[in-house]
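Okay, so here's the structure we're looking at.
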Amino acid sequence: MKKRAFIIVLDSVGIGALPDAADFGDAGADTLGNILRERGVLNIPNMYKMGLGNIDSAKLPPVESPSAAYGRAMEITKAKDTTCGHWEMAGLLMDNPFRVFPGGFPREVMDEFEKRIGRKTLANYPASGTAIIQELGDEHVKTGFPIVYTSADSVFQIAAHEDVIPLDELYRMCEIARELLYGDYFVGRVIARPFKGESGNYYRTENRKDYAVEPTKETILDGLFEGGYTTVAVGKIEDIFAHRGISIVDHTKNNVSGIDATVRIAKEGTGDFVFVNLVDFDMLYGHRNDVEGYAKALEYFDSRLPEITDSMHDGDLLIITADHGCDPTHPGTDHTREYIPILVTGKGLDIKCGNIGTRESFADIGATVFEYITGRQWTTGASFLGQIL
């Protein structure tokens with residue numbers, strides 16, 4: 001029986017504030033709990049059946065006999081961004097997290113950036129990506145100056161209308177910014193944020209592109225790839241890991257296509273480790289404070305979960321988790337510092353259903369996957385494989 005493992009990251013689906021959340025301005029954050037509280041109902045019976053509501057301190061309905069192993073994990077890295085979350089999950093803990101720039105980027109950075117791209121820029125402050133294109137879209141179209149903005153996360157984002165700055169040129173600008181943002185200005189990701197539309201009705205397209213730094217240490221992707229195993233990246237995983245340690249890429253751009261790809265890969269028996277990111281929860285709903293949209297996205301994923309598990313082969317291990325929170329009820333539009341849920345099931349495996357408790361690091365997830373596939377321990381994280389098999 002071939003051993004294959006899947007991690008499906010429900011991007012930003014946190015399950016309650018971490019003990020240090022107040023240090024990040026996130027006291028009281030609880031993405032799942034607050035969505036249920038505000039909406040009144042959250043129809044996700046398959047994840048409830050697995051034990052989502054039985055996780056420690058979860059403000060969700062528990063079930064009497066969960067059908068999966070369940071728990072939650074803390075983040076050791078002092079951050080709440082996508083890159084740090086995924087890296088830690090894959091066994092890389094950052095001693096010094098990426099820099100954030102709540103007051104905008106220093107003048108010396110922007111001067112050099114503008115010099116290299118041959119244009120002035122607009123904004124240079126933290127903002128919601130959907131709001132800033134409505135605010136500055138007309139000026140951008142008139143001047144041709146790209147919109148540069150950031151958030152509470154370590155990101156340098158460049159928004160441009162596709163008819164004003166073509167995608168190839170926008171991507172070149174991002175490559176220039178990536179070259180600049182090291183050392184004292186060490187930023188996790190540069191992100192191209194193209195948009196279209198007309199005055200009063202600008203909208204972002206799916207031609208987003210992320211420019212991450214290479215992981216600063218080895219991850220389980222590196223370990224598996226170098227060991228001759230086939231690693232498969234679905235969604236923006238390849239960008240988060242700067243294409244390192246990845247054998248096969250399916251760069252899906254939304255939840256529907258990401259789930260479709262996961263089902264297809266599961267059916268075909270492709271790969272040894274399949275790492276999936278489903279981005280819509282965060283990109284479309286969390287950052288836009290859209291409780292209803294977020295809830296419907298959770299319900300959609302849950303409705304397709306049986307299709308995913310039915311497509312798996314004997315020997316397939318499935319872990320459903322997240323990378324941080326993005327509570328749509330919380331003040332502001334940024335990520336929130338939260339525990340992440342862990343749900344573990346498998347096909348043809350004798351999974352010990354029950355509580356694996358609160359894990360001290362996201363890295364325990366990667367350590368478990370690495371041990372399951374290779375039979376060996378990863379260098380960071382404490383595998384919970386012995387608790388679930």
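Identifiers in the structure tokens: chain A, B, ... in order shown; residue index from 1 per chain; ligand index from 1 in order shown.
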
* Asked: So which residues of region 4-253 of chain A fall under alpha helix (DSSP H) by DSSP, listed as a PyMOL selection string?
  -> chain A and resi 31-39+45-50+82-89+107-117+129-143+167-180+220-226+237-240

* All residues 12 Å or closer to Pro45 (chain A), only C-alpha atoms, same chain fewer than 2 positions away omitted, as a PyMOL selection string -> chain A and resi 41-43+47-53+60-63+66-67+298-306

* Which residues, written as a list of chain:residue names, have at least one atom at most 8 Å from Thr150 (chain A), with only C-alpha atoms counted and residues fewer than 5 positions away on the same chain left out? ->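 The residues that qualify are A:Phe101, A:Pro102, A:Gly104, A:Asn124, A:Tyr125, A:Pro126, A:Ala127, A:Val155, A:Phe156, A:Gln157.
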
May I have the selected residues written with all heavy atoms, as a tab-separated table (two decimals), in the first residue's frame?
```
chain	number	residue	atom	x	y	z
A	101	PHE	N	5.62	47.07	7.83
A	101	PHE	CA	5.78	48.52	7.68
A	101	PHE	C	4.43	49.22	7.82
A	101	PHE	O	3.83	49.64	6.83
A	101	PHE	CB	6.44	48.84	6.34
A	101	PHE	CG	7.85	48.33	6.23
A	101	PHE	CD1	8.12	47.07	5.71
A	101	PHE	CD2	8.90	49.10	6.69
A	101	PHE	CE1	9.42	46.59	5.63
A	101	PHE	CE2	10.22	48.64	6.61
A	101	PHE	CZ	10.48	47.38	6.08
A	102	PRO	N	3.93	49.33	9.07
A	102	PRO	CA	2.61	49.92	9.28
A	102	PRO	C	2.51	51.39	8.90
A	102	PRO	O	1.41	51.91	8.69
A	102	PRO	CB	2.37	49.72	10.79
A	102	PRO	CG	3.75	49.56	11.37
A	102	PRO	CD	4.55	48.86	10.33
A	104	GLY	N	4.03	52.53	6.13
A	104	GLY	CA	4.47	52.60	4.74
A	104	GLY	C	5.96	52.32	4.64
A	104	GLY	O	6.68	52.26	5.65
A	124	ASN	N	1.48	54.11	-0.87
A	124	ASN	CA	2.51	53.72	0.08
A	124	ASN	C	2.02	53.82	1.51
A	124	ASN	O	2.60	54.51	2.35
A	124	ASN	CB	3.80	54.54	-0.10
A	124	ASN	CG	4.93	53.99	0.79
A	124	ASN	OD1	4.96	52.80	1.10
A	124	ASN	ND2	5.83	54.86	1.22
A	125	TYR	N	0.93	53.12	1.78
A	125	TYR	CA	0.41	53.00	3.15
A	125	TYR	C	-0.41	51.72	3.26
A	125	TYR	O	-0.78	51.11	2.25
A	125	TYR	CB	-0.41	54.22	3.55
A	125	TYR	CG	-1.48	54.65	2.57
A	125	TYR	CD1	-2.67	53.93	2.40
A	125	TYR	CD2	-1.30	55.81	1.80
A	125	TYR	CE1	-3.65	54.36	1.52
A	125	TYR	CE2	-2.28	56.23	0.90
A	125	TYR	CZ	-3.46	55.49	0.78
A	125	TYR	OH	-4.43	55.91	-0.11
A	126	PRO	N	-0.71	51.28	4.48
A	126	PRO	CA	-1.53	50.06	4.64
A	126	PRO	C	-2.96	50.31	4.17
A	126	PRO	O	-3.52	51.38	4.43
A	126	PRO	CB	-1.50	49.81	6.16
A	126	PRO	CG	-0.34	50.60	6.67
A	126	PRO	CD	-0.23	51.79	5.78
A	127	ALA	N	-3.52	49.33	3.48
A	127	ALA	CA	-4.87	49.51	2.96
A	127	ALA	C	-5.47	48.17	2.58
A	127	ALA	O	-4.76	47.18	2.38
A	127	ALA	CB	-4.85	50.42	1.73
A	155	VAL	N	4.10	42.40	3.42
A	155	VAL	CA	3.83	42.38	1.98
A	155	VAL	C	4.08	43.75	1.36
A	155	VAL	O	3.84	44.79	1.98
A	155	VAL	CB	2.37	41.94	1.68
A	155	VAL	CG1	2.16	40.48	2.00
A	155	VAL	CG2	1.37	42.80	2.44
A	156	PHE	N	4.57	43.73	0.14
A	156	PHE	CA	4.72	44.92	-0.70
A	156	PHE	C	3.84	44.63	-1.91
A	156	PHE	O	4.17	43.78	-2.74
A	156	PHE	CB	6.19	45.07	-1.11
A	156	PHE	CG	6.51	46.32	-1.90
A	156	PHE	CD1	7.13	47.40	-1.30
A	156	PHE	CD2	6.25	46.39	-3.26
A	156	PHE	CE1	7.48	48.54	-2.04
A	156	PHE	CE2	6.58	47.52	-4.01
A	156	PHE	CZ	7.20	48.60	-3.39
A	157	GLN	N	2.69	45.29	-1.99
A	157	GLN	CA	1.71	44.97	-3.01
A	157	GLN	C	1.64	46.09	-4.05
A	157	GLN	O	1.66	47.27	-3.70
A	157	GLN	CB	0.34	44.74	-2.38
A	157	GLN	CG	0.38	43.63	-1.32
A	157	GLN	CD	-0.97	43.30	-0.75
A	157	GLN	OE1	-1.67	42.44	-1.27
A	157	GLN	NE2	-1.34	43.95	0.32
```

* **Spatial neighbours of Ala123 (chain A), 12 Å, only C-alpha atoms, chain gap at least 2 places, as a list in words** =>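 Once the nearby chain positions are removed, what remains is Gly103, Gly104, Phe105, Met110, Lys120, Thr121, Tyr125, Pro126, Ala127, Ser128, Gly129, Ile132, Ile133, Glu135, Leu136, Gly137, Glu139, His140, Phe145, Pro146, Ile147, Val148, Tyr149, Thr150, Phe156, Gln157, Ile158 and Ala159 of chain A.
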
* To do: Using only C-alpha atoms, determine which residues lie at most 10 Å from Phe6 (chain A), disregarding the query and same-chain residues fewer than 3 positions distant; provide the list as number ranges by chain.
  => A: 9, 232, 262, 266, 271-276, 312, 316-320, 344, 346, 369

Go ahead and dump the residues you just picked, N, CA, C and O atoms, as a tab-separated table (two decimals), in the first residue's frame.
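As a result, out.tsv now contains:
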```tsv
chain	number	residue	atom	x	y	z
A	9	VAL	N	-4.85	23.39	3.11
A	9	VAL	CA	-4.83	24.60	3.93
A	9	VAL	C	-6.04	25.46	3.56
A	9	VAL	O	-6.12	25.98	2.45
A	232	VAL	N	3.63	17.67	-4.82
A	232	VAL	CA	2.67	18.34	-5.69
A	232	VAL	C	2.16	19.59	-5.00
A	232	VAL	O	1.70	19.54	-3.85
A	262	THR	N	-7.54	18.98	-6.58
A	262	THR	CA	-7.28	18.03	-5.50
A	262	THR	C	-7.99	16.71	-5.75
A	262	THR	O	-7.41	15.63	-5.58
A	266	ALA	N	-6.09	13.24	-6.45
A	266	ALA	CA	-6.39	12.10	-5.57
A	266	ALA	C	-6.80	10.89	-6.39
A	266	ALA	O	-6.31	9.77	-6.18
A	271	GLY	N	1.67	11.67	-7.14
A	271	GLY	CA	2.52	12.23	-6.09
A	271	GLY	C	2.57	11.40	-4.82
A	271	GLY	O	1.84	10.42	-4.63
A	272	ASP	N	3.48	11.85	-3.93
A	272	ASP	CA	3.61	11.27	-2.59
A	272	ASP	C	3.12	12.25	-1.53
A	272	ASP	O	2.57	11.83	-0.51
A	273	PHE	N	3.33	13.54	-1.78
A	273	PHE	CA	2.85	14.58	-0.87
A	273	PHE	C	2.16	15.65	-1.70
A	273	PHE	O	2.75	16.20	-2.63
A	274	VAL	N	0.91	15.95	-1.36
A	274	VAL	CA	0.12	16.93	-2.08
A	274	VAL	C	-0.21	18.07	-1.11
A	274	VAL	O	-0.88	17.86	-0.10
A	275	PHE	N	0.28	19.27	-1.42
A	275	PHE	CA	0.15	20.44	-0.54
A	275	PHE	C	-0.79	21.42	-1.26
A	275	PHE	O	-0.47	21.91	-2.34
A	276	VAL	N	-1.94	21.69	-0.65
A	276	VAL	CA	-3.00	22.46	-1.29
A	276	VAL	C	-3.28	23.73	-0.49
A	276	VAL	O	-3.42	23.66	0.73
A	312	MET	N	-9.81	9.50	-2.72
A	312	MET	CA	-8.51	9.07	-2.21
A	312	MET	C	-8.31	7.57	-2.36
A	312	MET	O	-9.27	6.81	-2.47
A	316	ASP	N	-3.84	6.80	1.72
A	316	ASP	CA	-3.80	8.26	1.69
A	316	ASP	C	-4.18	8.84	3.05
A	316	ASP	O	-5.21	8.49	3.63
A	317	LEU	N	-3.33	9.73	3.54
A	317	LEU	CA	-3.56	10.46	4.79
A	317	LEU	C	-3.97	11.88	4.44
A	317	LEU	O	-3.33	12.51	3.59
A	318	LEU	N	-5.02	12.39	5.08
A	318	LEU	CA	-5.51	13.75	4.79
A	318	LEU	C	-5.52	14.58	6.06
A	318	LEU	O	-6.10	14.19	7.08
A	319	ILE	N	-4.86	15.75	5.99
A	319	ILE	CA	-4.88	16.72	7.09
A	319	ILE	C	-5.49	18.01	6.57
A	319	ILE	O	-5.01	18.59	5.59
A	320	ILE	N	-6.54	18.48	7.24
A	320	ILE	CA	-7.18	19.75	6.91
A	320	ILE	C	-6.79	20.74	8.00
A	320	ILE	O	-6.95	20.45	9.19
A	344	VAL	N	-7.73	15.19	10.93
A	344	VAL	CA	-6.94	14.15	10.27
A	344	VAL	C	-7.81	12.93	10.00
A	344	VAL	O	-8.44	12.39	10.92
A	346	GLY	N	-8.18	9.46	6.80
A	346	GLY	CA	-7.42	8.73	5.80
A	346	GLY	C	-8.27	7.67	5.14
A	346	GLY	O	-9.39	7.40	5.57
A	369	VAL	N	3.52	14.41	8.56
A	369	VAL	CA	3.51	14.03	7.15
A	369	VAL	C	4.84	13.39	6.75
A	369	VAL	O	4.88	12.35	6.09
```

* **Nearest candidate to Lys80 (chain A) (options A:Asp222, A:Glu338, A:Glu38, A:Asp11; using only C-alpha atoms)** => A:Glu338

* Hey, which of A:Arg39, A:Arg116, A:Lys3, A:Arg359 ends up closest to Thr329 (chain A)? Count only C-alpha atoms. ->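 With only C-alpha atoms as the atom set, the closest residue is A:Arg39.
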
* Using only C-alpha atoms: which of A:Thr374, A:Ser151, A:Thr309, A:Ser383 has the shortest distance to Asn46 (chain A) ->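 Closest residue, counting only C-alpha atoms: A:Thr309.
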
* **Best match for closeness to Gly286 (chain A) among A:Glu214, A:Asp30, A:Asp310, A:Asp20, counting only C-alpha atoms** =>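 Nearest candidate to Gly286 (chain A) out of A:Glu214, A:Asp30, A:Asp310, A:Asp20: A:Asp30.
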
* To do: Show which residues sit within 7 Å of Asp250 (chain A), as an MDAnalysis selection string. Count only C-alpha atoms, and ignore same-chain residues fewer than 2 positions away.
  => chainID A and resid 233:235 248 252

Take the residues that were just selected and, keeping C-alpha atoms, output them as a PDB file, in the first residue's frame.
```
ATOM      1  CA  ALA A 233       1.778  22.021  -5.127  1.00  0.00           C
ATOM      2  CA  VAL A 234      -1.807  23.191  -5.684  1.00  0.00           C
ATOM      3  CA  GLY A 235      -2.774  26.869  -5.606  1.00  0.00           C
ATOM      4  CA  ILE A 248       4.535  19.138  -9.940  1.00  0.00           C
ATOM      5  CA  THR A 252      -5.149  27.073  -9.339  1.00  0.00           C
TER       6      THR A 252
END
```

* **Pick from A:Glu75, A:Asp184, A:Asp138, A:Glu162 nearest to Val109 (chain A), counting only C-alpha atoms** =>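 Closest residue, counting only C-alpha atoms: A:Asp184.
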
* Considering only C-alpha atoms, return as a count of residues only whatever protein or nucleic-acid residues lie within 10 Å of Met74 (chain A), sequence-local ones (same chain, fewer than 2 positions apart) excluded. => 19

* To do: Give the strand (DSSP E or B) residues of region 64-188 of chain A, as assigned by DSSP on the backbone, as a PyMOL selection string.
  => chain A and resi 69-73+122-126+147-150+155-161
